[in-house]
Structures are given as structure tokens and as C-alpha cells.
>>> print(open('run.cif').read())   # mmCIF, C-alpha atoms
data_model
loop_
_atom_site.label_atom_id
_atom_site.label_comp_id
_atom_site.auth_asym_id
_atom_site.auth_seq_id
_atom_site.Cartn_x
_atom_site.Cartn_y
_atom_site.Cartn_z
CA MET A 1 -4.88 -20.35 1.82
CA ALA A 2 -3.80 -16.97 0.48
CA LEU A 3 -4.15 -13.96 2.75
CA LEU A 4 -5.65 -11.89 -0.08
CA GLU A 5 -7.55 -13.38 -3.01
CA VAL A 6 -8.84 -11.20 -5.85
CA SER A 7 -11.11 -12.97 -8.34
CA GLY A 8 -12.69 -11.69 -11.56
CA LEU A 9 -12.69 -8.08 -10.43
CA LYS A 10 -14.51 -5.74 -12.80
CA LYS A 11 -15.31 -2.05 -12.36
CA ILE A 12 -17.39 0.04 -14.73
CA TYR A 13 -18.02 3.72 -14.10
CA THR A 14 -20.92 5.62 -15.62
CA THR A 15 -20.07 9.24 -16.38
CA ARG A 16 -22.25 11.92 -14.85
CA PHE A 17 -23.07 13.60 -18.14
CA GLY A 18 -24.11 11.58 -21.14
CA GLY A 19 -24.32 8.29 -19.29
CA SER A 20 -21.38 6.76 -21.16
CA GLN A 21 -19.50 3.92 -19.47
CA VAL A 22 -15.81 3.59 -18.71
CA GLN A 23 -14.39 0.18 -17.83
CA ALA A 24 -11.57 0.72 -15.32
CA LEU A 25 -11.04 -2.96 -14.49
CA SER A 26 -11.88 -5.79 -16.87
CA SER A 27 -11.10 -9.08 -15.14
CA VAL A 28 -8.45 -8.85 -12.46
CA SER A 29 -7.46 -11.98 -10.56
CA PHE A 30 -4.44 -12.59 -8.34
CA SER A 31 -3.58 -13.70 -4.82
CA VAL A 32 -1.14 -12.51 -2.19
CA ALA A 33 0.28 -14.95 0.34
CA GLU A 34 0.85 -13.96 3.94
CA GLY A 35 4.25 -12.32 4.25
CA GLU A 36 4.54 -11.40 0.56
CA TYR A 37 5.75 -8.02 -0.72
CA VAL A 38 3.97 -7.22 -3.99
CA ALA A 39 4.22 -4.13 -6.19
CA ILE A 40 1.59 -3.16 -8.75
CA MET A 41 2.67 -1.13 -11.77
CA GLY A 42 1.04 0.20 -14.93
CA GLU A 43 0.60 3.33 -16.98
CA SER A 44 -1.91 6.02 -16.00
CA GLY A 45 -5.37 4.68 -16.76
CA SER A 46 -4.34 1.06 -16.31
CA GLY A 47 -6.62 0.64 -13.29
CA LYS A 48 -4.08 0.77 -10.43
CA THR A 49 -5.89 3.42 -8.39
CA THR A 50 -9.28 1.79 -8.92
CA LEU A 51 -7.87 -1.56 -7.81
CA LEU A 52 -6.29 -0.08 -4.69
CA ASN A 53 -9.51 1.72 -3.77
CA ILE A 54 -11.45 -1.54 -4.01
CA LEU A 55 -8.87 -3.44 -1.97
CA ALA A 56 -9.11 -0.70 0.66
CA ALA A 57 -12.91 -0.98 0.71
CA LEU A 58 -13.18 2.63 -0.45
CA ASP A 59 -15.01 1.61 -3.62
CA LYS A 60 -17.20 -1.30 -4.69
CA PRO A 61 -16.54 -3.41 -7.79
CA THR A 62 -19.15 -3.97 -10.45
CA SER A 63 -18.48 -7.69 -10.04
CA GLY A 64 -15.90 -10.02 -8.57
CA GLN A 65 -14.55 -10.84 -5.11
CA VAL A 66 -11.89 -9.56 -2.76
CA LEU A 67 -11.24 -12.00 0.07
CA LEU A 68 -9.05 -11.02 3.02
CA ASP A 69 -8.59 -13.92 5.41
CA GLY A 70 -11.53 -15.52 3.62
CA ARG A 71 -13.85 -12.56 4.26
CA ASP A 72 -15.37 -10.89 1.21
CA VAL A 73 -14.41 -7.22 1.56
CA THR A 74 -16.92 -6.22 -1.11
CA LYS A 75 -19.82 -7.51 1.00
CA ILE A 76 -19.00 -5.65 4.23
CA LYS A 77 -21.87 -3.35 5.18
CA GLU A 78 -21.30 0.40 5.13
CA GLY A 79 -21.56 0.75 8.89
CA ALA A 80 -18.80 -1.81 9.47
CA LEU A 81 -16.33 -0.57 6.85
CA ALA A 82 -14.52 1.98 9.02
CA ALA A 83 -13.83 -0.62 11.71
CA PHE A 84 -12.67 -3.13 9.09
CA ARG A 85 -10.17 -0.66 7.59
CA ARG A 86 -8.95 0.43 11.02
CA ASP A 87 -8.45 -3.11 12.36
CA SER A 88 -7.28 -5.02 9.27
CA LEU A 89 -5.53 -2.56 6.96
CA GLY A 90 -2.57 -0.24 7.32
CA PHE A 91 -2.25 2.68 4.88
CA VAL A 92 0.83 4.55 3.68
CA PHE A 93 0.11 7.44 1.31
CA GLN A 94 2.23 9.56 -1.01
CA ASP A 95 1.27 12.78 0.81
CA PHE A 96 1.59 11.22 4.30
CA ASN A 97 -1.93 12.26 5.45
CA LEU A 98 -0.67 13.44 8.83
CA LEU A 99 -2.65 15.99 10.83
CA ASP A 100 -0.60 19.18 11.26
CA THR A 101 -2.33 20.05 14.53
CA PHE A 102 -1.25 16.72 16.07
CA SER A 103 2.26 15.77 17.15
CA LEU A 104 3.79 12.76 15.44
CA ARG A 105 3.03 10.78 18.60
CA ASP A 106 -0.66 11.68 18.45
CA ASN A 107 -0.82 11.00 14.71
CA ILE A 108 0.57 7.53 15.32
CA PHE A 109 -1.78 6.98 18.27
CA LEU A 110 -4.89 7.98 16.28
CA PRO A 111 -5.98 4.53 15.01
CA LEU A 112 -5.55 3.11 18.52
CA VAL A 113 -7.60 5.96 19.98
CA LEU A 114 -10.34 5.05 17.51
CA GLN A 115 -10.06 1.44 18.68
CA GLY A 116 -10.58 2.60 22.26
CA LYS A 117 -7.18 1.43 23.52
CA SER A 118 -5.86 2.70 26.85
CA TYR A 119 -3.01 5.21 27.00
CA GLU A 120 -0.88 2.58 28.72
CA GLU A 121 -1.33 0.14 25.84
CA MET A 122 -0.70 2.84 23.23
CA SER A 123 2.49 3.91 24.99
CA GLY A 124 3.65 0.32 25.22
CA ARG A 125 3.22 -0.17 21.49
CA ILE A 126 4.76 3.07 20.26
CA GLY A 127 8.10 2.75 22.06
CA PRO A 128 9.53 -0.31 20.25
CA LEU A 129 7.98 0.81 16.95
CA ALA A 130 9.46 4.30 17.13
CA ARG A 131 12.89 2.86 17.92
CA LYS A 132 12.68 0.48 14.98
CA LEU A 133 11.75 3.33 12.64
CA GLY A 134 14.30 5.75 14.07
CA ILE A 135 11.81 8.42 15.14
CA SER A 136 11.89 8.15 18.95
CA GLN A 137 13.39 11.63 19.29
CA LEU A 138 10.79 13.14 16.94
CA LEU A 139 7.55 12.02 18.58
CA ASP A 140 6.80 15.38 20.21
CA LYS A 141 7.42 17.33 17.01
CA TYR A 142 4.69 18.34 14.57
CA PRO A 143 4.61 17.30 10.90
CA TYR A 144 5.64 20.76 9.70
CA GLU A 145 8.77 20.53 11.87
CA VAL A 146 10.22 17.38 10.26
CA SER A 147 11.43 16.29 6.84
CA GLY A 148 9.44 14.36 4.24
CA GLY A 149 11.28 11.16 5.04
CA GLU A 150 10.58 11.58 8.75
CA LYS A 151 6.91 12.26 8.01
CA GLN A 152 6.72 9.06 5.99
CA ARG A 153 8.36 7.07 8.79
CA ALA A 154 5.70 8.42 11.15
CA ALA A 155 3.04 7.41 8.62
CA VAL A 156 4.52 3.91 8.48
CA ALA A 157 4.44 3.76 12.29
CA ARG A 158 0.78 4.77 12.24
CA ALA A 159 0.08 2.01 9.70
CA LEU A 160 1.91 -0.64 11.71
CA ILE A 161 0.75 0.19 15.23
CA THR A 162 -2.55 -1.68 14.84
CA ASN A 163 -0.75 -4.86 13.68
CA PRO A 164 -2.66 -4.89 10.38
CA ARG A 165 -3.09 -7.97 8.22
CA ILE A 166 -1.77 -6.09 5.19
CA ILE A 167 -0.12 -2.74 4.45
CA LEU A 168 -1.53 -0.92 1.40
CA ALA A 169 0.98 1.65 0.14
CA ASP A 170 -0.02 4.19 -2.51
CA GLU A 171 3.04 5.73 -4.22
CA PRO A 172 4.84 5.84 -0.84
CA THR A 173 8.06 7.29 -2.31
CA GLY A 174 6.37 9.82 -4.59
CA ALA A 175 7.00 12.86 -2.37
CA LEU A 176 10.46 11.84 -1.13
CA ASP A 177 13.95 12.74 -2.29
CA SER A 178 16.36 9.98 -3.35
CA ARG A 179 17.95 9.57 0.08
CA ALA A 180 14.60 9.35 1.91
CA THR A 181 13.30 7.01 -0.80
CA GLU A 182 16.19 4.60 -0.28
CA ALA A 183 15.69 4.69 3.49
CA LEU A 184 11.96 4.00 3.20
CA LEU A 185 12.45 1.12 0.76
CA ASN A 186 15.05 -0.44 3.04
CA LEU A 187 12.59 -0.04 5.91
CA PHE A 188 9.84 -1.77 3.92
CA GLY A 189 12.25 -4.61 3.24
CA GLU A 190 13.00 -4.98 6.95
CA ILE A 191 9.32 -4.90 7.88
CA ASN A 192 8.51 -7.49 5.23
CA ALA A 193 11.38 -9.72 6.42
CA GLU A 194 9.69 -9.73 9.84
CA GLY A 195 6.51 -11.12 8.25
CA GLN A 196 4.45 -8.04 7.38
CA THR A 197 2.49 -8.39 4.14
CA ILE A 198 2.84 -5.34 1.86
CA LEU A 199 1.02 -4.44 -1.34
CA MET A 200 2.36 -1.29 -2.99
CA VAL A 201 1.06 0.65 -6.00
CA THR A 202 3.85 2.63 -7.62
CA HIS A 203 5.11 4.28 -10.80
CA SER A 204 8.67 4.02 -9.51
CA VAL A 205 10.81 1.28 -11.00
CA LYS A 206 13.22 1.74 -8.11
CA ALA A 207 10.45 1.13 -5.56
CA ALA A 208 9.05 -1.86 -7.43
CA ALA A 209 12.53 -3.41 -7.69
CA HIS A 210 12.56 -3.84 -3.91
CA ALA A 211 9.37 -5.94 -3.95
CA ARG A 212 9.44 -9.71 -4.19
CA ARG A 213 6.86 -9.78 -6.99
CA VAL A 214 5.62 -7.19 -9.47
CA LEU A 215 2.19 -7.28 -11.13
CA PHE A 216 1.76 -5.22 -14.29
CA LEU A 217 -1.69 -3.87 -15.17
CA ARG A 218 -2.66 -2.90 -18.69
CA ASP A 219 -6.14 -1.91 -19.84
CA GLY A 220 -7.70 -3.03 -16.57
CA GLU A 221 -6.17 -6.51 -16.53
CA VAL A 222 -3.15 -8.22 -15.01
CA TYR A 223 -0.94 -8.31 -18.08
CA HIS A 224 2.24 -9.84 -16.67
CA GLN A 225 4.10 -10.57 -13.46
CA LEU A 226 7.73 -10.88 -12.45
CA TYR A 227 9.21 -12.66 -9.45
CA ARG A 228 12.40 -11.24 -8.01
CA ALA A 229 13.53 -14.59 -6.59
CA SER A 230 17.32 -14.45 -6.12
CA LEU A 231 17.83 -11.32 -8.24
CA THR A 232 19.52 -8.28 -6.76
CA VAL A 233 17.63 -5.00 -6.64
CA GLU A 234 19.70 -3.80 -9.60
CA GLN A 235 18.88 -6.89 -11.66
CA SER A 236 15.20 -6.60 -10.76
CA PHE A 237 15.28 -2.91 -11.77
CA ALA A 238 16.59 -3.89 -15.21
CA ARG A 239 13.93 -6.60 -15.73
CA ILE A 240 11.12 -4.26 -14.70
CA SER A 241 12.42 -1.50 -16.98
CA ASP A 242 12.62 -3.93 -19.92
CA THR A 243 9.07 -5.14 -19.24
CA LEU A 244 7.68 -1.61 -19.13
CA THR A 245 9.47 -0.78 -22.40
CA VAL A 246 7.92 -3.78 -24.16
CA MET A 247 4.49 -2.90 -22.77
CA ALA A 248 4.80 0.71 -23.89
CA ARG A 249 5.61 -0.44 -27.42
CA GLY A 250 2.59 -2.71 -27.45
CA GLY A 251 4.70 -5.86 -27.70
CA GLU A 252 4.08 -9.25 -26.19
CA LEU A 253 5.94 -10.65 -23.20
CA ASP A 254 7.10 -14.19 -22.59
CA ALA A 255 4.99 -16.08 -20.09
#
>>> encode(input="run.cif", output="C-alpha cells")
Amino acid sequence: MALLEVSGLKKIYTTRFGGSQVQALSSVSFSVAEGEYVAIMGESGSGKTTLLNILAALDKPTSGQVLLDGRDVTKIKEGALAAFRRDSLGFVFQDFNLLDTFSLRDNIFLPLVLQGKSYEEMSGRIGPLARKLGISQLLDKYPYEVSGGEKQRAAVARALITNPRIILADEPTGALDSRATEALLNLFGEINAEGQTILMVTHSVKAAAHARRVLFLRDGEVYHQLYRASLTVEQSFARISDTLTVMARGGELDA
């Protein structure tokens, strides 16, 4: 059974003034196996953000299902949503979402504090994780004292420390320079190789080329997908670029 199953997802928004309707998602269906690394791409307005918000239980679909470990995310009651996100999902954002008044250590600890974990358990978890991410020497610094790449590594640590079922990454390289981008993408590859499931929304062809599969959204639907298989990152980059070019011209892609 797939870890994540999305079936017939539709989302229609009604505008505040005039009552007109906007269909953000038409009929989105796909699955993600445990241990997969999937990127989602598409032009602005294709439905990527809406889809990610629904997967993160931040928004409700008009119709359709989102099953994580067989549990319908769309049916979770409001009072249980925060606990579900905290225990099952890890988030990595473009703008890091770190608290400037907290050290990196305390930012990383935060989801465990909300789970009610003891300081001993939190300390036991952060040590190996910080070493893996190369931030052990930075834990007592504050976000404004470190670089963008170091902030994002701390954000990844915060996402991983709860042992989530899936990492949801929203444009994780968007605020990083080329060197920090390469380091983060290599890190994602290492984490995925250890079995962590990752679903990443991105505009970056470079970022998507590191994923094992790329889903392309157009007009609120899954329009095409590419598997990296045995391709190098450079070869995957070229295939993704070609696909985006065809899509932009309104052409049709081979199945």
C-alpha cells in the first residue's frame, strides 16, 4: 500500500466579492510510496500551492481523498489537526520559519516540546541529527547569526526530529544561493537514501532534477510525470527543461 494516496482531488474557491468561482484543482490523483522522493512542478496558477496546503491539512478540498497511512487527512477534525501535523508531517519552507528569539537548538526542539517530550529525550535526538546536518557547532546561535543555508539545515533538523512519515518541502531552495542550494539538495538525497519520504513543491529545475520522480501540474491536473530512474542529475535536468518547454508552448507530451 502506498504511504500517500491522493484520489480525485478537487478544490473550488468562491471569491469574496461577486461570488464567482475559481477552480484551483480539477481532478488530481497520484500516490507516493514509502521512501520515494517526489517533486511537483507547474507554472504559477497550476494548483501546486493549493495541493500542498491540502496535503498539509491546512486546507480542505471540495471533494476527493488524501490518505496517509490509510487515514483520510481531509476527515480529521479541527481539534486533532495540530497534533496530526506535528506527529506525522515534517515541514521545510522557503523562508525557514525559524523564531528569531529562539536559538537554533530551541527552534529544533520546538515540535518535541509540543509533544511533551523530556529534555533528556530531546537532547538524545538532536545530537546525532545535528552531526548529520553539520550544525552541531551552531546550535547555540540565533537565526540572525547564521547564513541562509545554515538556517535551512536547522529547519530540516526541526522537520526530521519528530521522525515524520513524510517531509513536505515548499520551495526549499528558493531563498538560498547556488552553493547552499547544492548542499541542501545533496542533503535531501542523503536523507531520502536512508528511507525518508520527501514531497517537494518547486519552481527550480535544478531542485526537481534531484528527485526520483517529477509530477507536472497544469490547469489543476496532473499533466505528466517523469521518472529519473538511472539518469544523472544533469540528464534529468535536461528532460525536465524539455518537458516544461513543451508545456509552455501548449504542446502534447508522449505518455
>>> atom_distance(input="run.cif", atom1="CA of Ala209 (chain A)", atom2="CA of Lys151 (chain A)")
22.9 Å
>>> closest_residue(input="run.cif", among="A:Glu121, A:Asp140, A:Asn107, A:Leu187", to="Ala154 (chain A)", atoms="all atoms listed in the file")
A:Asn107
>>> resolve_selection(input="run.cif", expression="the PyMOL selection byres ((chain A and resi 66) around 7)", output="list in words")
Glu5, Val6, Ser7, Leu55, Gln65, Leu67, Leu68, Asp72, Val73 and Thr74 of chain A
>>> atom_distance(input="run.cif", atom1="CA of Val146 (chain A)", atom2="CA of Val38 (chain A)")
29.1 Å
>>> resolve_selection(input="run.cif", expression="the PyMOL selection byres ((chain A and resi 170) around 7)", output="VMD selection string")
chain A and resid 92 to 94 168 to 169 171 to 172 200 to 202
>>> resolve_selection(input="run.cif", expression="the PyMOL selection byres ((chain A and resi 217-230) around 10)", output="VMD selection string")
chain A and resid 8 to 11 23 to 30 38 to 48 50 to 51 208 to 216 231 to 233 235 to 237 239 to 240 243 247 to 248 252 to 255
>>> closest_residue(input="run.cif", among="A:Asp95, A:Asp69, A:Asp100, A:Asp242", to="Ser31 (chain A)", atoms="all atoms listed in the file")
A:Asp69
>>> closest_residue(input="run.cif", among="A:Thr62, A:Thr49, A:Gln21, A:Thr181", to="Glu150 (chain A)", atoms="all atoms listed in the file")
A:Thr181
>>> atom_distance(input="run.cif", atom1="CA of Ser204 (chain A)", atom2="CA of Thr173 (chain A)")
7.9 Å
